[in-house]
>>> print(open('run-v7.cif').read())   # mmCIF, C-alpha atoms
data_coords
loop_
_atom_site.label_atom_id
_atom_site.label_comp_id
_atom_site.auth_asym_id
_atom_site.auth_seq_id
_atom_site.Cartn_x
_atom_site.Cartn_y
_atom_site.Cartn_z
CA MET A 1237 97.45 79.27 15.55
CA THR A 1238 95.85 76.65 13.35
CA GLU A 1239 97.48 75.76 10.08
CA ARG A 1240 96.39 77.84 7.13
CA VAL A 1241 93.72 76.07 5.09
CA VAL A 1242 94.15 76.24 1.32
CA ARG A 1243 90.91 77.25 -0.37
CA PRO A 1244 89.57 74.41 -2.57
CA ARG A 1245 89.83 75.06 -6.30
CA TYR A 1246 86.67 75.32 -8.38
CA ASP A 1247 88.03 72.76 -10.87
CA ASP A 1248 88.75 70.23 -8.11
CA VAL A 1249 85.18 70.25 -6.78
CA ASP A 1250 82.21 68.41 -8.26
CA VAL A 1251 78.51 68.33 -7.53
CA GLY A 1252 78.25 65.74 -4.76
CA THR A 1253 81.60 66.60 -3.13
CA ARG A 1254 81.03 66.20 0.60
CA LEU A 1255 82.54 68.52 3.18
CA PRO A 1256 84.03 66.96 6.33
CA VAL A 1257 81.29 66.45 8.95
CA LEU A 1258 81.34 68.89 11.88
CA THR A 1259 80.03 68.06 15.35
CA HIS A 1260 79.46 70.77 17.92
CA SER A 1261 78.10 70.34 21.43
CA VAL A 1262 75.71 72.89 22.90
CA GLY A 1263 75.00 73.22 26.61
CA ARG A 1264 73.39 75.92 28.70
CA PHE A 1265 76.76 77.62 29.13
CA ASP A 1266 77.08 77.92 25.34
CA LEU A 1267 73.66 79.58 25.12
CA VAL A 1268 74.60 82.19 27.70
CA ARG A 1269 77.86 82.82 25.88
CA TYR A 1270 76.10 83.16 22.51
CA ALA A 1271 73.52 85.50 24.07
CA GLY A 1272 76.29 87.80 25.26
CA ALA A 1273 78.27 87.64 22.02
CA SER A 1274 75.27 88.24 19.75
CA GLY A 1275 73.21 90.56 21.95
CA ASP A 1276 70.19 88.23 21.64
CA PHE A 1277 69.01 88.00 25.25
CA ASN A 1278 65.59 86.52 24.46
CA VAL A 1279 64.66 84.83 27.75
CA ILE A 1280 63.50 81.56 26.10
CA HIS A 1281 67.19 80.82 25.47
CA TRP A 1282 68.18 80.76 29.15
CA ASN A 1283 65.15 80.55 31.44
CA ASP A 1284 63.05 77.36 31.77
CA ARG A 1285 60.13 79.09 33.43
CA VAL A 1286 59.70 81.54 30.56
CA ALA A 1287 60.43 78.91 27.87
CA THR A 1288 57.77 76.52 29.16
CA ALA A 1289 55.27 79.37 29.64
CA ALA A 1290 55.81 80.11 25.92
CA GLY A 1291 54.77 76.53 25.12
CA LEU A 1292 58.28 75.16 24.56
CA PRO A 1293 59.48 71.91 26.18
CA SER A 1294 62.40 73.73 27.82
CA VAL A 1295 65.11 76.27 27.01
CA ILE A 1296 65.97 76.21 23.29
CA ALA A 1297 69.11 77.26 21.45
CA HIS A 1298 69.20 80.45 19.39
CA GLY A 1299 68.43 79.58 15.76
CA MET A 1300 71.32 81.81 14.79
CA LEU A 1301 73.71 79.73 16.89
CA THR A 1302 72.68 76.69 14.83
CA LEU A 1303 73.03 78.58 11.53
CA GLY A 1304 76.34 80.08 12.68
CA VAL A 1305 77.74 76.62 13.42
CA ALA A 1306 76.40 75.33 10.08
CA VAL A 1307 78.13 78.11 8.15
CA ARG A 1308 81.32 77.43 10.14
CA LEU A 1309 81.51 74.10 8.32
CA VAL A 1310 81.91 76.02 5.05
CA CYS A 1311 84.40 78.51 6.53
CA ASP A 1312 86.49 75.65 7.94
CA TRP A 1313 86.47 73.98 4.53
CA CYS A 1314 87.59 77.01 2.54
CA GLY A 1315 89.72 78.66 5.24
CA ASP A 1316 88.32 82.17 4.80
CA PRO A 1317 85.01 83.49 6.16
CA ALA A 1318 85.07 86.17 3.42
CA ALA A 1319 84.59 83.40 0.84
CA VAL A 1320 80.96 83.00 1.94
CA VAL A 1321 78.87 85.50 -0.05
CA GLU A 1322 75.42 84.13 0.79
CA CYS A 1323 74.04 81.91 3.50
CA GLU A 1324 70.59 81.01 4.75
CA GLY A 1325 68.54 78.51 6.69
CA ARG A 1326 65.17 77.67 8.15
CA PHE A 1327 64.93 76.80 11.84
CA ALA A 1328 62.82 73.70 11.27
CA LYS A 1329 62.71 72.31 14.84
CA PRO A 1330 63.77 73.84 18.12
CA VAL A 1331 67.07 72.60 19.58
CA VAL A 1332 66.04 71.81 23.15
CA VAL A 1333 69.01 72.16 25.50
CA PRO A 1334 68.70 70.31 28.83
CA ASP A 1335 70.02 71.71 32.10
CA ASP A 1336 72.79 69.11 32.52
CA ASP A 1337 76.55 68.81 32.07
CA THR A 1338 76.49 67.28 28.60
CA GLY A 1339 74.03 69.33 26.54
CA VAL A 1340 73.23 68.20 23.01
CA GLU A 1341 75.24 67.62 19.89
CA LEU A 1342 74.73 69.32 16.53
CA VAL A 1343 75.88 67.31 13.52
CA VAL A 1344 76.51 69.50 10.47
CA GLU A 1345 76.85 68.09 6.97
CA GLY A 1346 77.47 69.88 3.70
CA VAL A 1347 77.56 68.85 0.08
CA VAL A 1348 78.35 70.76 -3.09
CA ALA A 1349 74.94 71.00 -4.75
CA ARG A 1350 75.67 73.16 -7.77
CA LYS A 1351 78.57 74.73 -9.59
CA LEU A 1352 77.58 78.33 -10.25
CA ALA A 1353 79.40 80.80 -12.50
CA ARG A 1354 83.14 80.33 -11.90
CA PRO A 1355 84.46 80.44 -9.20
CA GLN A 1356 81.30 80.10 -7.05
CA VAL A 1357 79.60 76.95 -5.82
CA ARG A 1358 76.47 76.33 -3.78
CA VAL A 1359 76.87 74.14 -0.71
CA ASP A 1360 73.72 72.64 0.80
CA LEU A 1361 73.87 72.26 4.57
CA SER A 1362 71.95 70.20 7.06
CA VAL A 1363 72.07 70.16 10.83
CA ARG A 1364 70.72 67.31 12.91
CA CYS A 1365 70.33 67.07 16.65
CA GLY A 1366 69.43 63.73 18.25
CA GLY A 1367 68.66 62.37 14.76
CA GLU A 1368 66.16 65.15 13.97
CA LYS A 1369 66.72 67.72 11.29
CA VAL A 1370 66.78 71.10 13.07
CA LEU A 1371 67.95 73.27 10.16
CA SER A 1372 66.42 72.92 6.70
CA ARG A 1373 66.56 74.84 3.39
CA SER A 1374 70.08 75.79 4.38
CA ARG A 1375 72.71 76.68 1.82
CA ALA A 1376 75.76 78.84 1.32
CA VAL A 1377 77.28 80.33 -1.81
CA VAL A 1378 81.06 80.17 -1.62
CA VAL A 1379 83.82 81.68 -3.75
CA LEU A 1380 86.44 79.02 -4.42
CA GLY A 1381 89.98 79.34 -5.75
CA MET B 319 45.82 88.74 16.85
CA PRO B 320 46.31 90.03 13.31
CA LEU B 321 49.28 92.32 12.78
CA ASN B 322 48.85 95.95 11.84
CA GLN B 323 48.83 95.79 8.03
CA THR B 324 49.86 99.43 7.67
CA PHE B 325 53.42 98.41 8.58
CA ARG B 326 53.84 96.63 5.23
CA GLY B 327 56.32 98.49 3.04
CA ARG B 328 57.60 100.74 5.79
CA VAL B 329 61.24 101.74 5.56
CA TYR B 330 62.92 102.95 8.73
CA PRO B 331 65.63 105.60 8.97
CA ALA B 332 69.21 104.32 9.06
CA THR B 333 70.34 103.36 12.58
CA ALA B 334 73.03 105.22 14.49
CA PRO B 335 76.53 104.13 13.36
CA TYR B 336 77.85 100.89 14.92
CA GLU B 337 81.62 100.41 15.08
CA VAL B 338 82.61 96.76 14.73
CA GLY B 339 85.08 95.89 17.48
CA LEU B 340 87.94 93.43 17.05
CA GLU B 341 87.19 91.85 20.44
CA LYS B 342 83.49 91.63 19.54
CA ILE B 343 84.40 89.60 16.46
CA ARG B 344 86.64 87.32 18.55
CA GLU B 345 83.90 86.92 21.16
CA PHE B 346 81.35 86.05 18.46
CA ALA B 347 83.74 83.53 16.87
CA ASP B 348 84.32 81.97 20.32
CA ALA B 349 80.57 81.57 20.81
CA LEU B 350 80.39 79.54 17.56
CA GLY B 351 83.50 77.50 18.38
CA ASP B 352 85.12 79.14 15.34
CA LYS B 353 88.91 79.03 15.63
CA ASN B 354 89.71 80.51 12.23
CA PRO B 355 92.71 82.87 12.64
CA VAL B 356 91.25 85.18 9.94
CA SER B 357 88.57 86.13 12.50
CA ARG B 358 91.13 86.70 15.29
CA ASP B 359 94.46 87.88 14.05
CA VAL B 360 95.11 90.79 11.68
CA GLU B 361 98.24 89.18 10.23
CA ALA B 362 96.29 86.04 9.33
CA ALA B 363 93.60 88.24 7.76
CA LYS B 364 96.23 90.10 5.72
CA ALA B 365 97.68 86.77 4.54
CA HIS B 366 94.25 86.18 2.95
CA GLY B 367 94.24 89.64 1.39
CA HIS B 368 92.00 91.40 3.93
CA PRO B 369 92.94 94.74 5.51
CA GLU B 370 91.44 93.82 8.90
CA VAL B 371 90.14 90.82 10.83
CA VAL B 372 87.05 89.34 9.11
CA ALA B 373 83.88 88.53 11.04
CA PRO B 374 82.17 85.14 10.67
CA PRO B 375 79.41 85.36 8.01
CA THR B 376 76.53 85.36 10.49
CA PHE B 377 78.02 88.25 12.52
CA ALA B 378 75.68 90.71 10.75
CA ILE B 379 72.90 89.44 13.03
CA VAL B 380 74.50 91.44 15.88
CA LEU B 381 73.52 94.62 14.05
CA THR B 382 70.41 93.54 12.17
CA MET B 383 68.53 91.93 15.05
CA ARG B 384 69.01 95.05 17.13
CA ALA B 385 67.84 97.24 14.23
CA GLU B 386 64.78 95.03 13.64
CA GLY B 387 63.77 95.74 17.23
CA GLN B 388 62.42 99.07 15.94
CA VAL B 389 59.65 97.10 14.23
CA VAL B 390 59.30 94.02 16.42
CA PHE B 391 58.97 95.89 19.72
CA ASP B 392 56.66 98.61 18.39
CA PRO B 393 53.44 98.01 20.36
CA THR B 394 51.32 99.35 17.50
CA LEU B 395 52.46 96.41 15.29
CA GLY B 396 50.58 94.00 17.58
CA LEU B 397 53.18 91.22 17.64
CA ASP B 398 52.90 88.89 20.65
CA ILE B 399 56.60 88.91 21.61
CA GLY B 400 56.22 86.02 24.05
CA ARG B 401 55.22 83.69 21.20
CA VAL B 402 57.68 84.79 18.53
CA LEU B 403 60.15 82.39 16.97
CA HIS B 404 62.77 83.05 14.35
CA ARG B 405 61.84 80.91 11.32
CA ASP B 406 64.21 81.86 8.49
CA GLN B 407 67.35 83.90 8.07
CA LYS B 408 69.31 84.83 4.98
CA PHE B 409 72.42 86.96 4.39
CA ARG B 410 73.70 88.21 1.05
CA TYR B 411 77.10 89.89 1.19
CA SER B 412 78.71 92.44 -1.13
CA ARG B 413 81.74 92.15 1.10
CA SER B 414 82.40 90.67 4.51
CA ILE B 415 82.19 92.67 7.74
CA ARG B 416 85.60 93.63 9.13
CA ALA B 417 86.95 95.00 12.40
CA HIS B 418 86.63 98.80 12.67
CA ASP B 419 83.88 99.04 10.03
CA VAL B 420 81.38 101.74 10.97
CA LEU B 421 77.99 100.50 9.82
CA THR B 422 74.37 101.54 9.73
CA VAL B 423 71.28 99.40 9.15
CA THR B 424 68.15 100.34 7.21
CA VAL B 425 65.19 98.09 8.00
CA SER B 426 62.22 97.52 5.66
CA VAL B 427 59.02 95.60 6.31
CA ASP B 428 58.81 93.24 3.33
CA GLY B 429 55.85 91.16 4.40
CA ILE B 430 53.06 90.80 6.92
CA ASP B 431 51.11 87.60 6.39
CA GLU B 432 49.02 85.02 8.15
CA VAL B 433 49.83 81.37 7.55
CA GLY B 434 47.69 78.73 9.24
CA GLY B 435 46.61 81.15 11.95
CA ASN B 436 50.20 82.24 12.69
CA ASP B 437 51.39 85.79 12.05
CA VAL B 438 54.45 85.89 9.78
CA LEU B 439 56.64 88.98 9.62
CA THR B 440 59.39 89.35 7.01
CA LEU B 441 61.98 92.09 7.45
CA SER B 442 64.99 93.02 5.40
CA SER B 443 67.95 94.91 6.79
CA GLU B 444 70.45 96.63 4.55
CA VAL B 445 73.86 97.08 6.14
CA ARG B 446 76.06 99.85 4.73
CA THR B 447 79.19 101.66 5.79
CA VAL B 448 78.70 105.26 6.86
CA GLU B 449 80.25 106.16 3.48
CA GLY B 450 77.36 104.33 1.78
CA GLU B 451 79.08 101.13 0.59
CA HIS B 452 76.69 98.16 0.60
CA VAL B 453 78.00 95.39 2.85
CA CYS B 454 75.15 92.98 3.43
CA THR B 455 71.41 92.49 3.15
CA ALA B 456 69.83 90.28 5.80
CA THR B 457 66.31 88.90 5.54
CA SER B 458 64.58 87.60 8.66
CA THR B 459 61.25 85.84 8.98
CA LEU B 460 59.62 85.79 12.38
CA VAL B 461 56.53 83.79 13.30
CA SER B 462 54.20 84.51 16.17
CA ARG B 463 52.45 81.26 16.96
CA ALA B 464 48.74 81.28 17.52
CA ALA B 465 47.92 79.83 20.98
CA GLY B 466 47.69 76.03 21.01
CA ARG B 467 49.91 75.40 18.00
CA GLU B 468 53.21 73.60 17.95
CA PRO B 469 56.24 75.87 17.64
CA HIS B 470 57.23 75.00 14.08
CA ASP B 471 54.11 73.76 12.30
CA ASP B 472 54.31 74.71 8.65
#
>>> encode(input="run-v7.cif", output="structure tokens")
Amino acid sequence: MTERVVRPRYDDVDVGTRLPVLTHSVGRFDLVRYAGASGDFNVIHWNDRVATAAGLPSVIAHGMLTLGVAVRLVCDWCGDPAAVVECEGRFAKPVVVPDDDTGVELVVEGVVARKLARPQVRVDLSVRCGGEKVLSRSRAVVVLG
Amino acid sequence: MPLNQTFRGRVYPATAPYEVGLEKIREFADALGDKNPVSRDVEAAKAHGHPEVVAPPTFAIVLTMRAEGQVVFDPTLGLDIGRVLHRDQKFRYSRSIRAHDVLTVTVSVDGIDEVGGNDVLTLSSEVRTVEGEHVCTATSTLVSRAAGREPHDD
């Protein structure tokens, strides 16, 4: 079991506080696994023929996989998924996942953007893949200690 | 093809109860690479003051996406499923989802719009326990791209 993370205290956090960067690799295997776990079996997430017929370059990741990984950054930071009371994001660009052994890498960053009524803060999130922003307008409201 | 405007404002009956499984939460956490013990182990959850294992915040999509199928897959709506992409998603929690919760989802059609030739459908899904306690409201925006447009023009 991982060590218990102590939830950051509201008074110890300022606007501009950066969360540790999270990187997460996504390959075809991960898409199949997410499909099964979430129940989202949309064929564009695992079948090239259907993805390209839909006008996409290739198979793309589930937007909710990207948002789920983004919100994980906040959960890892505060140690408790129940601390997240709001989260959202816009799937700005598709995450194209090649049929190879390496896949692609998501880079998730978060910064405290606003201190709300004690003990809540708003964390703004961004996810990039290959240098391109794939998740925009993404934020989470978190209850701190 | 324009969407059937009469769907705007529709509210669907609550879905059949869904029992949240402990292994389902673990499986979902695995799929996100989430190793937090609070989402795996009841003792770790209790150490954080929770009666049961807590699902990752985006877990609600397991219930809400299925429930939204009532609207999305209704042929009389006129949505071209083959060209639909998920554009936005939001969750607002009254409390987190936990193992063994028995939940229902009530879907409403909040918006049917056309933006730059693309059909835009906005749905909200209210997740409650079978006893009526509000757990989460999820808002999803889906876009059906007009032929010849790039996937995420906006």
>>> closest_atom_pairs(input="run-v7.cif", of="chain A", to="chain B", cutoff="6 Å", atoms="all atoms listed in the file", output="JSON lines")
{"residue": "A:Arg1269", "atom": "CA", "partner": "B:Ala349", "partner_atom": "CA", "distance": 5.9}
{"residue": "A:Tyr1270", "atom": "CA", "partner": "B:Ala349", "partner_atom": "CA", "distance": 5.0}
{"residue": "A:Ala1273", "atom": "CA", "partner": "B:Phe346", "partner_atom": "CA", "distance": 5.0}
{"residue": "A:Ser1274", "atom": "CA", "partner": "B:Val380", "partner_atom": "CA", "distance": 5.1}
{"residue": "A:Ala1290", "atom": "CA", "partner": "B:Arg401", "partner_atom": "CA", "distance": 6.0}
{"residue": "A:Gly1304", "atom": "CA", "partner": "B:Thr376", "partner_atom": "CA", "distance": 5.7}
{"residue": "A:Val1305", "atom": "CA", "partner": "B:Leu350", "partner_atom": "CA", "distance": 5.7}
{"residue": "A:Pro1317", "atom": "CA", "partner": "B:Pro374", "partner_atom": "CA", "distance": 5.6}
{"residue": "A:Ala1318", "atom": "CA", "partner": "B:Ser414", "partner_atom": "CA", "distance": 5.3}
{"residue": "A:Val1321", "atom": "CA", "partner": "B:Tyr411", "partner_atom": "CA", "distance": 4.9}
{"residue": "A:Glu1322", "atom": "CA", "partner": "B:Arg410", "partner_atom": "CA", "distance": 4.4}
{"residue": "A:Cys1323", "atom": "CA", "partner": "B:Phe409", "partner_atom": "CA", "distance": 5.4}
{"residue": "A:Glu1324", "atom": "CA", "partner": "B:Lys408", "partner_atom": "CA", "distance": 4.0}
{"residue": "A:Gly1325", "atom": "CA", "partner": "B:Gln407", "partner_atom": "CA", "distance": 5.7}
{"residue": "A:Arg1326", "atom": "CA", "partner": "B:Asp406", "partner_atom": "CA", "distance": 4.3}
{"residue": "A:Phe1327", "atom": "CA", "partner": "B:Arg405", "partner_atom": "CA", "distance": 5.2}
>>> write_last_selection(input="run-v7.cif", atoms="C-alpha atoms", output="short mmCIF file (atom, residue, chain, number, x, y, z; two decimals), in the frame of the given file")
data_model
loop_
_atom_site.label_atom_id
_atom_site.label_comp_id
_atom_site.auth_asym_id
_atom_site.auth_seq_id
_atom_site.Cartn_x
_atom_site.Cartn_y
_atom_site.Cartn_z
CA ARG A 1269 77.86 82.82 25.88
CA TYR A 1270 76.10 83.16 22.51
CA ALA A 1273 78.27 87.64 22.02
CA SER A 1274 75.27 88.24 19.75
CA ALA A 1290 55.81 80.11 25.92
CA GLY A 1304 76.34 80.08 12.68
CA VAL A 1305 77.74 76.62 13.42
CA PRO A 1317 85.01 83.49 6.16
CA ALA A 1318 85.07 86.17 3.42
CA VAL A 1321 78.87 85.50 -0.05
CA GLU A 1322 75.42 84.13 0.79
CA CYS A 1323 74.04 81.91 3.50
CA GLU A 1324 70.59 81.01 4.75
CA GLY A 1325 68.54 78.51 6.69
CA ARG A 1326 65.17 77.67 8.15
CA PHE A 1327 64.93 76.80 11.84
#
>>> resolve_selection(input="run-v7.cif", expression="the PyMOL selection byres ((chain B and resi 324-326) around 7)", output="short mmCIF file (atom, residue, chain, number, x, y, z; two decimals) with C-alpha atoms, in the coordinates of the input")
data_model
loop_
_atom_site.label_atom_id
_atom_site.label_comp_id
_atom_site.auth_asym_id
_atom_site.auth_seq_id
_atom_site.Cartn_x
_atom_site.Cartn_y
_atom_site.Cartn_z
CA ASN B 322 48.85 95.95 11.84
CA GLN B 323 48.83 95.79 8.03
CA GLY B 327 56.32 98.49 3.04
CA ARG B 328 57.60 100.74 5.79
CA VAL B 427 59.02 95.60 6.31
CA ASP B 428 58.81 93.24 3.33
CA GLY B 429 55.85 91.16 4.40
CA ILE B 430 53.06 90.80 6.92
#
>>> resolve_selection(input="run-v7.cif", expression="the PyMOL selection byres ((chain A and resi 1374-1381) around 9)", output="PyMOL selection string")
chain A and resi 1242-1247+1303+1306-1307+1310-1311+1314+1318-1326+1346+1349+1352+1354-1363+1371-1373
>>> residues_around(input="run-v7.cif", residues="Val1332 of chain A", least_positions_apart="6", cutoff="10 Å", atoms="all atoms listed in the file", output="JSON, numbers by chain")
{"A": [1262, 1263, 1281, 1292, 1293, 1294, 1295, 1296, 1297, 1298, 1339, 1340, 1365]}
>>> axis_aligned_box(input="run-v7.cif", around="segment 1339-1355 of chain A", padding_each_side="3 Å", output="AutoDock Vina command-line options")
--center_x 78.8 --center_y 74.1 --center_z 7.0 --size_x 17.2 --size_y 19.5 --size_z 45.0
>>> atom_distance(input="run-v7.cif", atom1="atom CA of Leu1267 of chain A", atom2="atom CA of Val1347 of chain A")
27.5 Å
>>> closest_residue(input="run-v7.cif", among="B:Gly450, B:Gly434, B:Pro369, B:Pro331", to="Leu421 of chain B", atoms="all atoms listed in the file")
B:Gly450
>>> residues_around(input="run-v7.cif", residues="Arg1264 of chain A", least_positions_apart="6", cutoff="8 Å", atoms="all atoms listed in the file", output="PyMOL selection string")
chain A and resi 1282+1333-1336+1339
>>> atom_distance(input="run-v7.cif", atom1="atom CA of Val1241 of chain A", atom2="atom CA of Asp419 of chain B")
25.5 Å
>>> closest_residue(input="run-v7.cif", among="B:Val371, B:Val423, B:Leu340, B:Leu460", to="Ser443 of chain B", atoms="only C-alpha atoms")
B:Val423
>>> residues_near_point(input="run-v7.cif", point="(45.7, 83.0, 9.0)", cutoff="12 Å", atoms="all atoms listed in the file", output="list in words")
Met319, Pro320, Leu321, Ile430, Asp431, Glu432, Val433, Gly434, Gly435, Asn436, Asp437, Val438, Val461, Ser462, Arg463, Ala464 and Asp472 of chain B
>>> atom_distance(input="run-v7.cif", atom1="atom CA of Glu337 of chain B", atom2="atom CA of Arg446 of chain B")
11.8 Å
>>> closest_residue(input="run-v7.cif", among="A:Ser1261, A:Gly1275, A:Arg1285, A:Val1251", to="Val1331 of chain A", atoms="all atoms listed in the file")
A:Ser1261
>>> decode(input="run-v7.cif", residues="segment 327-356 of chain B", atoms="N, CA and C atoms", output="CSV table (one decimal), in the first residue's frame")
chain,number,residue,atom,x,y,z
B,327,GLY,N,-35.7,20.1,-23.1
B,327,GLY,CA,-36.5,20.2,-21.9
B,327,GLY,C,-37.1,18.8,-21.4
B,328,ARG,N,-36.9,17.8,-22.2
B,328,ARG,CA,-37.4,16.5,-21.8
B,328,ARG,C,-36.7,16.0,-20.5
B,329,VAL,N,-37.4,15.4,-19.7
B,329,VAL,CA,-36.9,14.8,-18.5
B,329,VAL,C,-37.3,13.3,-18.5
B,330,TYR,N,-36.3,12.4,-18.4
B,330,TYR,CA,-36.6,11.0,-18.5
B,330,TYR,C,-36.8,10.4,-17.1
B,331,PRO,N,-37.6,9.3,-17.1
B,331,PRO,CA,-37.8,8.6,-15.8
B,331,PRO,C,-36.4,8.1,-15.2
B,332,ALA,N,-36.4,8.0,-13.9
B,332,ALA,CA,-35.1,7.5,-13.2
B,332,ALA,C,-34.8,6.1,-13.7
B,333,THR,N,-33.5,5.9,-13.9
B,333,THR,CA,-33.1,4.5,-14.4
B,333,THR,C,-33.3,3.5,-13.3
B,334,ALA,N,-33.2,2.2,-13.8
B,334,ALA,CA,-33.3,1.1,-12.8
B,334,ALA,C,-32.0,1.3,-11.9
B,335,PRO,N,-32.2,0.9,-10.6
B,335,PRO,CA,-31.1,1.0,-9.6
B,335,PRO,C,-29.8,0.3,-10.1
B,336,TYR,N,-28.7,0.9,-9.9
B,336,TYR,CA,-27.4,0.4,-10.2
B,336,TYR,C,-26.6,0.3,-8.9
B,337,GLU,N,-26.2,-0.9,-8.6
B,337,GLU,CA,-25.4,-1.1,-7.3
B,337,GLU,C,-23.9,-1.0,-7.7
B,338,VAL,N,-23.2,-0.1,-7.0
B,338,VAL,CA,-21.8,0.2,-7.3
B,338,VAL,C,-21.0,-0.9,-6.6
B,339,GLY,N,-20.2,-1.7,-7.4
B,339,GLY,CA,-19.4,-2.8,-6.9
B,339,GLY,C,-18.0,-2.4,-6.5
B,340,LEU,N,-17.5,-3.0,-5.5
B,340,LEU,CA,-16.2,-2.7,-5.0
B,340,LEU,C,-15.2,-3.0,-6.1
B,341,GLU,N,-15.3,-4.2,-6.7
B,341,GLU,CA,-14.4,-4.6,-7.8
B,341,GLU,C,-14.5,-3.6,-9.0
B,342,LYS,N,-15.7,-3.1,-9.3
B,342,LYS,CA,-15.9,-2.2,-10.4
B,342,LYS,C,-15.1,-0.9,-10.1
B,343,ILE,N,-15.1,-0.4,-8.9
B,343,ILE,CA,-14.3,0.8,-8.5
B,343,ILE,C,-12.8,0.5,-8.7
B,344,ARG,N,-12.4,-0.7,-8.2
B,344,ARG,CA,-11.0,-1.0,-8.4
B,344,ARG,C,-10.5,-1.1,-9.8
B,345,GLU,N,-11.4,-1.7,-10.6
B,345,GLU,CA,-11.2,-1.9,-12.1
B,345,GLU,C,-11.1,-0.5,-12.7
B,346,PHE,N,-12.0,0.4,-12.3
B,346,PHE,CA,-12.0,1.8,-12.9
B,346,PHE,C,-10.7,2.5,-12.5
B,347,ALA,N,-10.4,2.4,-11.2
B,347,ALA,CA,-9.1,3.0,-10.8
B,347,ALA,C,-7.9,2.5,-11.5
B,348,ASP,N,-7.9,1.2,-11.7
B,348,ASP,CA,-6.8,0.6,-12.5
B,348,ASP,C,-6.7,1.2,-13.9
B,349,ALA,N,-7.8,1.4,-14.5
B,349,ALA,CA,-7.8,1.9,-15.9
B,349,ALA,C,-7.3,3.3,-16.0
B,350,LEU,N,-7.3,4.1,-14.8
B,350,LEU,CA,-6.8,5.4,-14.8
B,350,LEU,C,-5.4,5.4,-14.3
B,351,GLY,N,-4.9,4.3,-13.9
B,351,GLY,CA,-3.5,4.2,-13.2
B,351,GLY,C,-3.6,4.8,-11.8
B,352,ASP,N,-4.8,4.8,-11.2
B,352,ASP,CA,-5.0,5.4,-9.9
B,352,ASP,C,-4.7,4.4,-8.8
B,353,LYS,N,-3.7,4.6,-8.0
B,353,LYS,CA,-3.3,3.6,-7.0
B,353,LYS,C,-3.7,4.0,-5.6
B,354,ASN,N,-4.6,5.0,-5.5
B,354,ASN,CA,-5.0,5.5,-4.2
B,354,ASN,C,-5.7,4.4,-3.4
B,355,PRO,N,-5.1,4.1,-2.2
B,355,PRO,CA,-5.7,3.0,-1.4
B,355,PRO,C,-7.2,3.3,-1.0
B,356,VAL,N,-7.6,4.6,-1.0
B,356,VAL,CA,-9.0,4.9,-0.6
B,356,VAL,C,-10.0,4.4,-1.6
